[in-house]
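*Asks:* Before I ask anything, here is the structure I am working with.
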Number of protein chains: 2
Amino acid sequence: MKEKSNTLELNCPLPISNYPNITLAHGSGGKLMNELINKMFRETFNNEIINEEHDGALLSIPNGKVAFTTDSYTIKPLFFRGGDIGKLAVYGTVNDLSMCGAIPKYISLSLIIEEGFDTKILWEIIQSIKIATDKTGVKIVTGDTKVINRIKDGDELFINTTGIGIIENNLEIKPTSIKVGDNIILSGDIGRHGISVLSSRENLEFETKLESDLAPLNNIVNELLDSGIEIHCLRDLTRGGLASALVELSKKSDMQFEIQSNEIPVSTPVLSVCELLGFDPVHIANEGRFIIFLPQQQTKKSIQILRKFEQSKLACLIGEVIKSKKGKVILKNEYGSNRILDMFSGELLPRIC
Amino acid sequence: MKEKSNTLELNCPLPISNYPNITLAHGSGGKLMNELINKMFRETFNNEIINEEHDGALLSIPNGKVAFTTDSYTIKPLFFRGGDIGKLAVYGTVNDLSMCGAIPKYISLSLIIEEGFDTKILWEIIQSIKIATDKTGVKIVTGDTKVINRIKDGDELFINTTGIGIIENNLEIKPTSIKVGDNIILSGDIGRHGISVLSSRENLEFETKLESDLAPLNNIVNELLDSGIEIHCLRDLTRGGLASALVELSKKSDMQFEIQSNEIPVSTPVLSVCELLGFDPVHIANEGRFIIFLPQQQTKKSIQILRKFEQSKLACLIGEVIKSKKGKVILKNEYGSNRILDMFSGELLPRIC
């Protein structure tokens, strides 16, 4: 009986044992790069577009309306509780497309690999990317591979994914579509991603094994749209947490939001760690949570739809858009007192995304 | 009278003196990141799409046929003879779109910046990107900024650009469109980029001040297409040089190419350095040269068009597609002897792209 990692390695069309570590030659345009790209990447993501081996992918966009988004992923550690950099790189970009009301279709994959990187770990991450693309229905259609000179431990990997999604609805889902009277729905409890990455990195052992909330949101958004919900704006909560998302949108739309702080779901483990370390959960990063701005009369139906999905089973109404002009976010606590919510101004957590 | 760098600094809407170096907080989703993105990036690239401040750009694609390409740029040094990483990141991606026969339209810009990076140098690079986008007519419509923990000197910057171009012709410009009998045109002398970056990095002083051939190719390709040239395939020569481009295309199309080595233009300084260091110019990187596969009867007209442009004034016929099956590249020298051209198999030059 073979161990899992050996089985995984054996499945790689590129004989990993020939090159247990990535060399500069794997990024320099010659034979080795060609072999790495063809055997490890192209055979894995195998589709008729990437197989053209062209300088770019040729795509057909049926109705001409697309969303286009980019993200570079620099997370450390590469594997954390609830995910890894590969899954993150796919779901993160898929989610940004979903936030535009688009159906995620095509993704580019660009890798910057440190010389000396463990080829087996690279293969594991490529497998994780493959699983994530299959799960979300996006195709990797073009890519790029660079190898940078050894920095220190040969364990740095940065991934850029850039995505194209097709917009099939007639809504204008964007910050400037937010209207006075809109309800604000939050899709679930906040702070899991930031705290779980922090604990994975620092080897902190908390009582509960907290996992990142990392998850694709495309199915949820698609179901909301298919059900005819008139969404005005969507925003996923990533770096900067719920606070940054709300503040950015209030400023861009120039609207005032009132948020009921006791309505914001936070799990006990996240709350305990935040209390212990002096963080506010509203500033902590997430990778599978989002907020929705929509007309009040659609709130009930939307929450019913959201709660059918595991990732958004705690969806709830957290606030509303109270007036226009002087865009800001007012956070009301359970005793009725108000504070103006702001982005944090320093470095809250070490690099978590 | 102010010095150039001070004037440049004063023009930056972000007060550089407040943050002479990039900190982790500039990438963590809070106020500083917001200020950096809005003041330095969004005000510079100012257009109605990026100003929406959405999770992605919403684009309208008139005829539904697009090319999509990605590249990460990791060049060191960041400034080299004939260019810099910013210009390279725009022209490189513009050129890949042109090689698909597309008109470059939209670009995403994703920066990975090392903590401690000189803010003034970042601003200089952003200005260079701005000039390059203006020159090529592409718009930066979405972006991402990450700051990674300090590695060593705080001088690492990696840029990913991913581009969308619109295809307005009815050709199928791609490797599998190459046909037996096609002529192969090379747009100019080879090896300038690789040798100039090498000399910039190693502070090598050659007799002539050799500059990179870095240049946008979109205008040249557009003019060929507008003139009705029936292009079968295009490929720009980047990493791996002319040799890799030819070998990749011969394998993908499964065709045999015959190349006349004495027809390949190489400048005297490139040739001297290659002879000195034992390199073959066909393996050296370029950033403004490309090859064209097209029917023999269109060669004369194409070369006339190419020679009207400064970057392709040395365009010439270098070979032809002699037969199908067993794709390979035969290099004929001036004495009539043949060798099979291959990609190089090691690490030719240290990281040049």
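Labels used: A, B, ... for chains in the order of the structure tokens, numbers from 1 for residues in each chain, and numbers from 1 for ligands as shown.
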Just list as number ranges by chain whatever in range 32-220 of chain A DSSP marks as strand (DSSP E or B).
*Replies:* A: 57-60, 65-73, 79-80, 83-84, 103-114, 118, 139-148, 157-166, 183-186
*Asks:* Using only C-alpha atoms, which protein or nucleic acid residues come within 10 Å of Leu217 in chain B? Drop anything in the same chain fewer than 2 positions from it, and give the result as a list of chain:residue names.
*Replies:* B:Tyr91, B:Gly92, B:Val94, B:Asn95, B:Asp96, B:Leu97, B:Ser98, B:Met99, B:Thr136, B:Leu214, B:Ala215, B:Asn219, B:Ile220, B:Val221, B:Asn222, B:Asp236, B:Glu287, B:Gly288, B:Arg289, B:Phe290, B:Phe309, B:Gln311, B:Ser312
*Asks:* Quick check: residues of chain A within 7 Å of chain B, only C-alpha atoms, returned as a PyMOL selection string.
*Replies:* chain A and resi 24-25+28-32+54-72+96-97+99-100+108+110+142-144+148+162+174-175+239-240+244+343-347+351
*Asks:* Taking 2 positions as the minimum chain separation for residues in the same chain, which residues sit within 10 Å of Lys130 in chain A when counting only C-alpha atoms? Answer as a list in words.
*Replies:* Phe41, Thr44, Phe45, Asn46, Gly86, Lys87, Val90, Glu124, Ile125, Ile126, Gln127, Ser128, Ala132, Thr133, Asp134, Lys135, Val138, Lys139 and Ile140 of chain A
*Asks:* For the atom pair CA of Gly181 in chain A and CA of Leu331 in chain A, what is the interatomic distance in Å to one decimal place?
*Replies:* 16.6 Å
*Asks:* Name all residues at most 8 Å from Thr119 in chain B (count only C-alpha atoms; drop same-chain ones fewer than 4 positions away) and give them as a list in words.
*Replies:* Ile16, Tyr19, Pro20, Asn21, Ile22 and Trp123 of chain B
*Asks:* Take the residues just selected and output them with N, CA, C and O atoms as a PDB file, in the first residue's frame.
*Replies:*
ATOM      1  N   ILE B  16       4.573  61.297  -1.194  1.00  0.00           N
ATOM      2  CA  ILE B  16       5.567  60.234  -1.050  1.00  0.00           C
ATOM      3  C   ILE B  16       6.386  60.399   0.228  1.00  0.00           C
ATOM      4  O   ILE B  16       6.742  59.424   0.887  1.00  0.00           O
ATOM      5  N   TYR B  19       5.392  58.432   3.254  1.00  0.00           N
ATOM      6  CA  TYR B  19       5.739  57.010   3.240  1.00  0.00           C
ATOM      7  C   TYR B  19       6.815  56.769   2.209  1.00  0.00           C
ATOM      8  O   TYR B  19       6.523  56.298   1.108  1.00  0.00           O
ATOM      9  N   PRO B  20       8.069  57.091   2.542  1.00  0.00           N
ATOM     10  CA  PRO B  20       9.142  56.912   1.556  1.00  0.00           C
ATOM     11  C   PRO B  20       9.340  55.442   1.175  1.00  0.00           C
ATOM     12  O   PRO B  20       9.887  55.151   0.116  1.00  0.00           O
ATOM     13  N   ASN B  21       8.864  54.533   2.025  1.00  0.00           N
ATOM     14  CA  ASN B  21       8.969  53.113   1.698  1.00  0.00           C
ATOM     15  C   ASN B  21       7.622  52.425   1.900  1.00  0.00           C
ATOM     16  O   ASN B  21       6.855  52.804   2.782  1.00  0.00           O
ATOM     17  N   ILE B  22       7.382  51.417   1.068  1.00  0.00           N
ATOM     18  CA  ILE B  22       6.125  50.664   1.159  1.00  0.00           C
ATOM     19  C   ILE B  22       6.160  49.771   2.406  1.00  0.00           C
ATOM     20  O   ILE B  22       7.158  49.100   2.664  1.00  0.00           O
ATOM     21  N   TRP B 123       6.521  54.881  -7.936  1.00  0.00           N
ATOM     22  CA  TRP B 123       5.837  55.946  -8.677  1.00  0.00           C
ATOM     23  C   TRP B 123       6.425  56.106 -10.083  1.00  0.00           C
ATOM     24  O   TRP B 123       5.695  56.274 -11.065  1.00  0.00           O
TER      25      TRP B 123
END
*Asks:* Name the residues in contact with Lys326 in chain A at a cut-off of 9 Å, using only C-alpha atoms, excluding same-chain residues fewer than 4 positions from it; report them as a PyMOL selection string.
*Replies:* chain A and resi 250-251+254-256
*Asks:* Applying 9 Å and only C-alpha atoms, which residues near Ile303 in chain B remain after dropping the ones on its own chain fewer than 5 positions away? List them as a list in words.
*Replies:*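 These residues fall inside the cut-off: Ile185, Ser187, Gln298, Lys308, Ser312, Lys313, Leu314, Ala315, Cys316 and Leu317 of chain B.
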